[in-house]
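Text of upload.csv, listed as CSV, C-alpha atoms and all ligand atoms:
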chain,number,residue,atom,x,y,z
A,18,MET,CA,-19.7,-42.6,-48.3
A,19,ALA,CA,-16.3,-41.1,-49.1
A,20,ARG,CA,-13.5,-41.9,-46.8
A,21,HIS,CA,-11.8,-38.8,-45.4
A,22,PHE,CA,-8.4,-38.3,-43.7
A,23,LEU,CA,-8.8,-35.4,-41.4
A,24,ASN,CA,-6.9,-36.8,-38.4
A,25,LEU,CA,-4.3,-39.6,-38.1
A,26,ALA,CA,-6.9,-41.8,-36.3
A,27,ASP,CA,-9.0,-41.9,-39.5
A,28,LEU,CA,-6.6,-44.7,-40.4
A,29,SER,CA,-6.0,-47.7,-38.2
A,30,THR,CA,-2.5,-48.6,-37.0
A,31,GLY,CA,-2.7,-51.6,-39.4
A,32,GLU,CA,-3.5,-49.4,-42.3
A,33,ILE,CA,-0.7,-47.0,-41.4
A,34,ARG,CA,1.8,-49.9,-41.3
A,35,ALA,CA,0.5,-51.2,-44.7
A,36,LEU,CA,0.7,-47.6,-46.1
A,37,ILE,CA,4.3,-47.3,-45.1
A,38,ASN,CA,5.1,-50.6,-46.8
A,39,ARG,CA,3.4,-49.5,-49.9
A,40,ALA,CA,5.3,-46.1,-49.8
A,41,ALA,CA,8.6,-48.0,-49.7
A,42,ALA,CA,7.5,-50.0,-52.7
A,43,LEU,CA,6.5,-46.8,-54.5
A,44,ARG,CA,10.0,-45.4,-53.8
A,45,ARG,CA,11.6,-48.4,-55.5
A,46,ASP,CA,9.1,-48.3,-58.4
A,47,PRO,CA,7.7,-44.8,-58.6
A,48,LEU,CA,5.6,-44.8,-61.8
A,49,THR,CA,2.3,-46.6,-62.0
A,50,ASP,CA,-1.1,-46.0,-63.4
A,51,THR,CA,-3.1,-46.9,-60.3
A,52,LEU,CA,-4.9,-43.5,-60.4
A,53,SER,CA,-5.1,-43.1,-64.1
A,54,GLY,CA,-7.8,-40.6,-65.0
A,55,ARG,CA,-8.3,-39.5,-61.4
A,56,THR,CA,-8.1,-35.9,-60.3
A,57,LEU,CA,-7.1,-34.4,-56.9
A,58,ALA,CA,-7.9,-30.8,-56.2
A,59,LEU,CA,-5.6,-28.9,-53.7
A,60,LEU,CA,-7.6,-26.1,-52.0
A,61,PHE,CA,-4.9,-24.2,-50.1
A,62,SER,CA,-5.2,-21.0,-48.0
A,63,LYS,CA,-1.6,-21.1,-46.8
A,64,PRO,CA,1.8,-21.5,-48.5
A,65,SER,CA,3.3,-25.0,-49.0
A,66,THR,CA,6.4,-26.5,-50.5
A,67,ARG,CA,6.5,-30.2,-49.4
A,68,THR,CA,2.8,-31.0,-49.2
A,69,ARG,CA,1.9,-29.3,-52.4
A,70,ILE,CA,4.8,-30.9,-54.4
A,71,ALA,CA,4.2,-34.4,-52.8
A,72,LEU,CA,0.5,-34.3,-53.8
A,73,GLU,CA,1.0,-32.8,-57.2
A,74,ALA,CA,4.0,-34.8,-58.3
A,75,GLY,CA,2.5,-37.9,-56.5
A,76,MET,CA,-0.7,-37.7,-58.5
A,77,ALA,CA,1.3,-37.4,-61.8
A,78,GLN,CA,3.5,-40.4,-60.9
A,79,LEU,CA,0.3,-42.5,-60.2
A,80,GLY,CA,-1.1,-41.6,-63.6
A,81,GLY,CA,-3.6,-39.0,-62.4
A,82,GLN,CA,-3.6,-35.2,-62.2
A,83,ALA,CA,-3.8,-32.5,-59.6
A,84,LEU,CA,-5.3,-29.0,-59.7
A,85,TYR,CA,-3.8,-26.3,-57.4
A,86,LEU,CA,-6.6,-23.9,-56.3
A,87,GLY,CA,-5.5,-21.0,-54.1
A,88,ARG,CA,-8.5,-20.1,-52.0
A,89,ASP,CA,-8.8,-16.6,-53.3
A,90,SER,CA,-8.8,-17.8,-56.9
A,91,LEU,CA,-12.1,-19.5,-56.2
A,92,GLN,CA,-15.6,-18.0,-55.6
A,93,LEU,CA,-15.0,-19.2,-52.0
A,94,GLY,CA,-12.7,-16.2,-51.6
A,95,ARG,CA,-15.6,-13.9,-52.3
A,96,GLY,CA,-18.2,-15.5,-50.1
A,97,GLU,CA,-19.5,-18.7,-51.7
A,98,SER,CA,-20.1,-21.1,-48.9
A,99,ILE,CA,-17.9,-24.1,-47.9
A,100,SER,CA,-20.8,-26.5,-48.2
A,101,ASP,CA,-21.8,-25.3,-51.8
A,102,THR,CA,-18.1,-25.4,-52.8
A,103,ALA,CA,-17.8,-28.9,-51.5
A,104,ARG,CA,-20.9,-30.2,-53.3
A,105,VAL,CA,-19.7,-28.7,-56.6
A,106,MET,CA,-16.0,-29.6,-56.3
A,107,SER,CA,-16.7,-33.2,-55.2
A,108,SER,CA,-18.9,-33.7,-58.2
A,109,MET,CA,-16.0,-32.9,-60.5
A,110,VAL,CA,-12.9,-34.3,-58.9
A,111,ASP,CA,-12.0,-37.5,-57.1
A,112,ALA,CA,-10.5,-36.1,-53.9
A,113,VAL,CA,-9.8,-32.7,-52.3
A,114,ALA,CA,-6.8,-31.8,-50.1
A,115,ILE,CA,-7.3,-28.8,-48.0
A,116,ARG,CA,-4.8,-26.5,-46.2
A,117,THR,CA,-6.5,-24.0,-44.0
A,118,HIS,CA,-6.4,-21.7,-40.9
A,119,ALA,CA,-9.6,-23.2,-39.6
A,120,HIS,CA,-9.9,-26.9,-39.0
A,121,ALA,CA,-13.7,-26.6,-38.7
A,122,GLU,CA,-13.7,-25.6,-42.4
A,123,ILE,CA,-12.2,-29.0,-43.4
A,124,ALA,CA,-14.7,-30.8,-41.3
A,125,GLU,CA,-17.6,-28.8,-42.9
A,126,PHE,CA,-16.2,-29.4,-46.4
A,127,ALA,CA,-15.9,-33.2,-45.7
A,128,ALA,CA,-19.5,-33.3,-44.4
A,129,HIS,CA,-20.7,-32.0,-47.8
A,130,SER,CA,-18.2,-33.8,-50.0
A,131,ASP,CA,-18.9,-37.0,-52.0
A,132,ALA,CA,-15.1,-37.2,-52.6
A,133,PRO,CA,-12.5,-38.1,-50.0
A,134,VAL,CA,-11.1,-35.0,-48.2
A,135,ILE,CA,-7.5,-34.9,-47.0
A,136,ASN,CA,-6.3,-32.5,-44.2
A,137,ALA,CA,-3.2,-31.0,-45.8
A,138,LEU,CA,-2.5,-29.0,-42.5
A,139,SER,CA,-4.8,-27.0,-40.3
A,140,GLU,CA,-4.0,-25.0,-37.2
A,141,ARG,CA,-5.0,-28.1,-35.2
A,142,ALA,CA,-3.4,-31.1,-36.9
A,143,HIS,CA,-1.0,-32.2,-39.7
A,144,PRO,CA,-1.8,-35.9,-40.1
A,145,CYS,CA,-0.1,-36.2,-43.6
A,146,GLN,CA,3.1,-35.1,-42.0
A,147,LEU,CA,2.9,-38.0,-39.5
A,148,LEU,CA,2.8,-40.6,-42.2
A,149,ALA,CA,6.2,-39.5,-43.4
A,150,ASP,CA,7.5,-39.1,-39.9
A,151,LEU,CA,6.6,-42.6,-38.8
A,152,MET,CA,8.0,-44.0,-42.0
A,153,THR,CA,11.3,-42.2,-41.4
A,154,TRP,CA,11.4,-43.3,-37.8
A,155,GLN,CA,10.9,-46.9,-38.9
A,156,GLU,CA,13.5,-46.7,-41.7
A,157,ARG,CA,16.2,-45.0,-39.6
A,158,CYS,CA,15.8,-47.0,-36.4
A,159,GLY,CA,14.2,-50.2,-37.6
A,160,ALA,CA,11.5,-49.3,-35.1
A,161,ALA,CA,8.7,-51.5,-36.6
A,162,ASP,CA,6.8,-51.3,-33.3
A,163,PHE,CA,7.1,-47.6,-32.6
A,164,ASP,CA,7.8,-48.4,-29.0
A,165,ALA,CA,10.6,-46.1,-27.9
A,166,PRO,CA,10.3,-42.7,-26.1
A,167,VAL,CA,9.9,-39.6,-28.3
A,168,ALA,CA,10.7,-36.0,-27.3
A,169,TRP,CA,8.9,-32.9,-28.7
A,170,ILE,CA,10.8,-29.7,-28.1
A,171,GLY,CA,9.3,-26.2,-28.6
A,172,ASP,CA,5.8,-25.2,-29.5
A,173,GLY,CA,2.8,-27.5,-28.7
A,174,ASN,CA,1.4,-26.8,-32.2
A,175,ASN,CA,-0.5,-28.7,-35.0
A,176,VAL,CA,2.4,-31.1,-35.7
A,177,CYS,CA,2.8,-31.8,-32.0
A,178,ASN,CA,-0.9,-32.5,-31.7
A,179,SER,CA,-0.6,-35.1,-34.5
A,180,TRP,CA,2.4,-36.7,-32.7
A,181,LEU,CA,0.2,-37.0,-29.6
A,182,GLU,CA,-2.4,-38.7,-31.7
A,183,ALA,CA,0.3,-41.2,-33.0
A,184,SER,CA,1.4,-41.7,-29.4
A,185,SER,CA,-2.2,-42.7,-28.4
A,186,MET,CA,-2.6,-45.0,-31.3
A,187,PHE,CA,0.8,-46.8,-31.2
A,188,GLY,CA,1.4,-46.5,-27.4
A,189,PHE,CA,4.9,-44.9,-27.4
A,190,GLU,CA,5.8,-42.4,-24.7
A,191,LEU,CA,5.8,-38.8,-25.8
A,192,ARG,CA,7.4,-36.1,-23.7
A,193,VAL,CA,6.6,-32.5,-24.6
A,194,ALA,CA,9.1,-29.7,-23.6
A,195,CYS,CA,7.4,-26.4,-24.1
A,196,PRO,CA,7.2,-23.0,-22.4
A,197,GLU,CA,4.2,-22.3,-20.2
A,198,GLY,CA,1.2,-21.2,-22.3
A,199,PHE,CA,2.4,-23.1,-25.4
A,200,GLU,CA,1.1,-26.5,-24.5
A,201,PRO,CA,-0.6,-28.7,-27.1
A,202,ASP,CA,-4.3,-29.6,-27.2
A,203,ALA,CA,-5.3,-30.7,-23.7
A,204,GLU,CA,-7.6,-33.5,-24.8
A,205,ARG,CA,-5.0,-35.1,-27.1
A,206,LEU,CA,-2.4,-34.7,-24.3
A,207,ARG,CA,-4.7,-36.5,-21.9
A,208,ALA,CA,-5.5,-39.3,-24.4
A,209,ALA,CA,-1.8,-39.9,-25.0
A,210,GLY,CA,-1.0,-39.8,-21.3
A,211,ALA,CA,1.9,-37.5,-22.4
A,212,SER,CA,4.0,-35.5,-20.0
A,213,ILE,CA,4.8,-31.8,-20.2
A,214,VAL,CA,8.2,-30.7,-18.9
A,215,ARG,CA,9.9,-27.4,-19.0
A,216,ASP,CA,13.5,-28.7,-19.2
A,217,VAL,CA,14.6,-29.8,-22.6
A,218,GLY,CA,17.3,-32.1,-21.2
A,219,GLU,CA,14.7,-34.0,-19.2
A,220,ALA,CA,12.6,-34.5,-22.3
A,221,VAL,CA,15.3,-35.9,-24.5
A,222,ARG,CA,16.9,-38.3,-21.9
A,223,GLY,CA,16.7,-41.8,-23.4
A,224,ALA,CA,14.6,-40.5,-26.4
A,225,ALA,CA,14.9,-42.4,-29.7
A,226,VAL,CA,13.4,-39.5,-31.6
A,227,VAL,CA,13.8,-35.7,-31.0
A,228,ASN,CA,11.2,-33.6,-32.8
A,229,THR,CA,10.9,-29.9,-33.2
A,230,ASP,CA,9.1,-27.3,-35.4
A,231,THR,CA,9.0,-23.6,-35.9
A,232,TRP,CA,8.1,-21.4,-33.0
A,233,VAL,CA,5.9,-19.3,-35.3
A,234,SER,CA,3.4,-21.3,-37.3
A,235,MET,CA,1.6,-19.9,-40.3
A,236,GLY,CA,-1.0,-17.4,-38.9
A,237,ASP,CA,0.8,-16.9,-35.6
A,238,ASP,CA,2.1,-13.6,-34.1
A,239,PRO,CA,5.9,-13.5,-34.7
A,240,ALA,CA,6.3,-11.9,-31.3
A,241,ARG,CA,5.5,-15.3,-29.7
A,242,ALA,CA,9.1,-16.5,-30.6
A,243,ALA,CA,10.5,-14.5,-27.6
A,244,ALA,CA,8.9,-17.1,-25.2
A,245,PHE,CA,11.1,-19.9,-26.6
A,246,ALA,CA,14.5,-19.0,-25.3
A,247,GLY,CA,16.1,-22.2,-24.1
A,248,TYR,CA,14.1,-24.5,-26.4
A,249,GLN,CA,16.6,-24.6,-29.3
A,250,VAL,CA,17.7,-28.0,-30.6
A,251,THR,CA,21.4,-28.4,-30.9
A,252,ALA,CA,23.9,-31.2,-31.4
A,253,GLU,CA,24.7,-31.0,-27.6
A,254,LEU,CA,21.0,-31.6,-26.8
A,255,LEU,CA,21.0,-34.7,-29.1
A,256,ASP,CA,24.1,-35.9,-27.2
A,257,GLN,CA,21.8,-36.3,-24.2
A,258,ALA,CA,19.3,-38.5,-26.0
A,259,ALA,CA,19.5,-42.3,-26.6
A,260,GLU,CA,22.3,-43.9,-28.7
A,261,GLY,CA,21.1,-43.9,-32.3
A,262,VAL,CA,18.7,-40.9,-31.8
A,263,ILE,CA,17.3,-39.2,-34.9
A,264,LEU,CA,16.2,-35.6,-35.3
A,265,LEU,CA,13.0,-34.9,-37.1
A,266,HIS,CA,11.6,-31.5,-38.2
A,267,CYS,CA,8.7,-31.2,-40.6
A,268,LEU,CA,10.3,-28.2,-42.2
A,269,PRO,CA,10.4,-25.3,-43.1
A,270,ALA,CA,13.1,-24.7,-40.5
A,271,TYR,CA,14.4,-21.5,-39.1
A,272,ARG,CA,18.1,-22.0,-38.4
A,273,GLY,CA,19.1,-19.9,-35.4
A,274,SER,CA,15.6,-20.3,-33.8
A,275,GLU,CA,14.2,-23.7,-33.1
A,276,VAL,CA,17.3,-25.3,-34.5
A,277,ASP,CA,20.9,-23.9,-34.4
A,278,GLU,CA,22.8,-23.2,-37.6
A,279,THR,CA,24.2,-26.7,-38.1
A,280,VAL,CA,22.1,-29.5,-36.4
A,281,LEU,CA,20.0,-30.2,-39.5
A,282,ASP,CA,23.2,-31.3,-41.2
A,283,ASP,CA,24.3,-33.5,-38.2
A,284,ALA,CA,24.5,-37.2,-39.1
A,285,ARG,CA,21.7,-37.8,-36.6
A,286,SER,CA,19.3,-35.5,-38.6
A,287,ALA,CA,16.8,-37.4,-40.7
A,288,VAL,CA,15.0,-34.3,-42.0
A,289,TRP,CA,15.8,-34.7,-45.7
A,290,GLN,CA,14.7,-38.3,-45.8
A,291,GLN,CA,11.6,-37.2,-43.8
A,292,ALA,CA,10.8,-34.6,-46.4
A,293,GLU,CA,11.3,-37.0,-49.3
A,294,ASN,CA,9.1,-39.5,-47.6
A,295,ARG,CA,6.2,-37.0,-47.9
A,296,LEU,CA,6.1,-38.0,-51.6
A,297,HIS,CA,6.1,-41.7,-51.1
A,298,THR,CA,3.6,-41.8,-48.2
A,299,HIS,CA,1.2,-39.3,-49.9
A,300,LYS,CA,1.2,-41.5,-53.0
A,301,ALA,CA,0.3,-44.5,-50.8
A,302,LEU,CA,-2.4,-42.4,-49.1
A,303,LEU,CA,-3.9,-41.3,-52.4
A,304,GLU,CA,-4.1,-44.9,-53.5
A,305,LEU,CA,-5.7,-46.0,-50.3
A,306,LEU,CA,-8.4,-43.3,-50.4
A,307,LEU,CA,-9.1,-43.2,-54.2
A,308,ARG,CA,-8.9,-46.8,-55.4
B,401,LIG,N1,6.1,-29.9,-43.6
B,401,LIG,C1,5.2,-29.3,-44.5
B,401,LIG,O1,4.0,-29.5,-44.5
B,401,LIG,O2,5.8,-28.4,-45.4
B,401,LIG,P1,5.1,-27.4,-46.4
B,401,LIG,O3,4.5,-26.3,-45.6
B,401,LIG,O4,6.2,-26.9,-47.2
B,401,LIG,O5,4.1,-28.2,-47.2
B,402,LIG,N1,3.6,-25.7,-37.6
B,402,LIG,C1,3.9,-25.3,-38.9
B,402,LIG,C2,4.1,-26.4,-39.8
B,402,LIG,C3,4.4,-26.1,-41.2
B,402,LIG,C4,4.5,-27.3,-42.1
B,402,LIG,C5,2.8,-24.4,-39.4
B,402,LIG,O1,1.6,-24.7,-39.2
B,402,LIG,O2,3.1,-23.3,-40.0
Output the file's structure as structure tokens, nothing else.
Ligand code: CP
Ligand code: NVA
Amino acid sequence: MARHFLNLADLSTGEIRALINRAAALRRDPLTDTLSGRTLALLFSKPSTRTRIALEAGMAQLGGQALYLGRDSLQLGRGESISDTARVMSSMVDAVAIRTHAHAEIAEFAAHSDAPVINALSERAHPCQLLADLMTWQERCGAADFDAPVAWIGDGNNVCNSWLEASSMFGFELRVACPEGFEPDAERLRAAGASIVRDVGEAVRGAAVVNTDTWVSMGDDPARAAAFAGYQVTAELLDQAAEGVILLHCLPAYRGSEVDETVLDDARSAVWQQAENRLHTHKALLELLLR
């Protein structure tokens, strides 16, 4: 049975810690042949910069190769079923990373795939992102135990859902500041015991990590951005958080919306290191699932 990574909890906390250690080793020594002769297919229905490059460059640096397959370039785009596609693709490649508007499609693909399936972002979750986020938190704060409060500011979206999952797994406090009607998944919120607040200052007070993301995710109606006035992350907001706070943003960012024009360049911003860590953590994930 293939091992899939559809949600963060498909790995144990011990495996995530080990993966982060391996990612740090791969940064020091990036070229190996651990996945020599192996192939990863990327089946993407949405644009991507970081995830695509991390997986494609990562496979090359591990001695394997990657195939980028836009959904509409496949027969899938003209009606071949997910299950048939999964059976065929998984007989030819060693793993498949899927980016889709419909999380159920990834689950269906995985159910019919003999090869590991990686959730490379769905409308419900972005577990790959969390691997890099946790690594960055650990590196910047020395937070080996992930036990400090974290604030999420803005939309209760896919990335927020995966942070809730991390909160349940590692036990840190997560405070979500979002407008009414833009809350994250209720079940994940309950499982994490996370609080919803409407005041951004209340969310960041004492927080070691301040997190945000776009107000308009891929596939969302751009008009929803109007609901987020007052939810912008600024240097002044970071001033209200704990000493040593870091700012995380999965990127792409929209300066002037969820972040102001300059806060990504603030000394407390860890977003560039966070983006680079996508490469190292995804290489470690590929090794874990494929070896
Ligand atoms: N953060 C992230 O997943 O970025 P991309 O959409 O560029 O892959
Ligand atoms: N929430 C964003 C994340 C992009 C990496 C989206 O789904 O578009």
Excluding Ser234 (chain A) and its own-chain neighbours fewer than 4 positions away, which residues fall within 10 Å of it when counting all atoms listed in the file? Please give them as a PDB file with C-alpha atoms, in the frame of the given file.
ATOM      1  CA  GLU A 140      -4.000 -25.000 -37.200  1.00  0.00           C
ATOM      2  CA  ASP A 172       5.800 -25.200 -29.500  1.00  0.00           C
ATOM      3  CA  ASN A 174       1.400 -26.800 -32.200  1.00  0.00           C
ATOM      4  CA  ASN A 175      -0.500 -28.700 -35.000  1.00  0.00           C
ATOM      5  CA  VAL A 176       2.400 -31.100 -35.700  1.00  0.00           C
ATOM      6  CA  ASP A 230       9.100 -27.300 -35.400  1.00  0.00           C
ATOM      7  CA  ASP A 238       2.100 -13.600 -34.100  1.00  0.00           C
ATOM      8  CA  PRO A 239       5.900 -13.500 -34.700  1.00  0.00           C
ATOM      9  CA  ARG A 241       5.500 -15.300 -29.700  1.00  0.00           C
ATOM     10  CA  PRO A 269      10.400 -25.300 -43.100  1.00  0.00           C
TER      11      PRO A 269
END
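Near ligand LIG 401 (chain B), at a distance of at most 7 Å and with only C-alpha atoms and all ligand atoms counted, sit the residues A:Pro64, A:Ser65, A:Thr66, A:Arg67, A:Thr68, A:Arg69, A:Leu138, A:Gln146, A:Cys267, A:Leu268, A:Pro269.
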Could the residues in this selection be written to a file with C-alpha atoms, as a PDB file, in the coordinates of the input?
ATOM      1  CA  PRO A  64       1.800 -21.500 -48.500  1.00  0.00           C
ATOM      2  CA  SER A  65       3.300 -25.000 -49.000  1.00  0.00           C
ATOM      3  CA  THR A  66       6.400 -26.500 -50.500  1.00  0.00           C
ATOM      4  CA  ARG A  67       6.500 -30.200 -49.400  1.00  0.00           C
ATOM      5  CA  THR A  68       2.800 -31.000 -49.200  1.00  0.00           C
ATOM      6  CA  ARG A  69       1.900 -29.300 -52.400  1.00  0.00           C
ATOM      7  CA  LEU A 138      -2.500 -29.000 -42.500  1.00  0.00           C
ATOM      8  CA  GLN A 146       3.100 -35.100 -42.000  1.00  0.00           C
ATOM      9  CA  CYS A 267       8.700 -31.200 -40.600  1.00  0.00           C
ATOM     10  CA  LEU A 268      10.300 -28.200 -42.200  1.00  0.00           C
ATOM     11  CA  PRO A 269      10.400 -25.300 -43.100  1.00  0.00           C
TER      12      PRO A 269
END
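Distances here use all atoms listed in the file; by that measure, the residue among A:Gly75, A:Gly247, A:Gly96, A:Pro201 closest to ligand LIG 402 (chain B) is A:Pro201.
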ask   = Which residues, protein or nucleic acid, reach to within 12 Å of (-1.9, -50.9, -39.1) in the file's coordinates when using all atoms listed in the file, and can you give that as a ChimeraX atom specification?
value = /A:25-38,148,151,161-163,183,186-187
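If you measure from each of A:Ile123, A:Ala224, A:Ala19, A:Met235 to ligand LIG 402 (chain B) using all atoms listed in the file, the closest one turns out to be A:Met235.
Nearest to ligand LIG 402 (chain B) of all the residues A:Asp256, A:Glu125, A:Asp237, A:Asp150 is A:Asp237, counting only C-alpha atoms and all ligand atoms.
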inquiry  = From (-2.2, -34.5, -34.9), in the file's coordinates, out to 8 Å: which residues are reached, counting only C-alpha atoms? Answer as number ranges by chain.
reply    = A: 24-25, 141-144, 147, 175-183
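Closest approach to ligand LIG 402 (chain B) among A:Arg272, A:Ala243, A:Lys63, A:Glu204 is made by A:Lys63 (distances from all atoms listed in the file).
When all atoms listed in the file are used to measure the gap to ligand LIG 402 (chain B), the shortest distance among A:Asn294, A:Thr229, A:Ser274, A:Thr153 belongs to A:Thr229.
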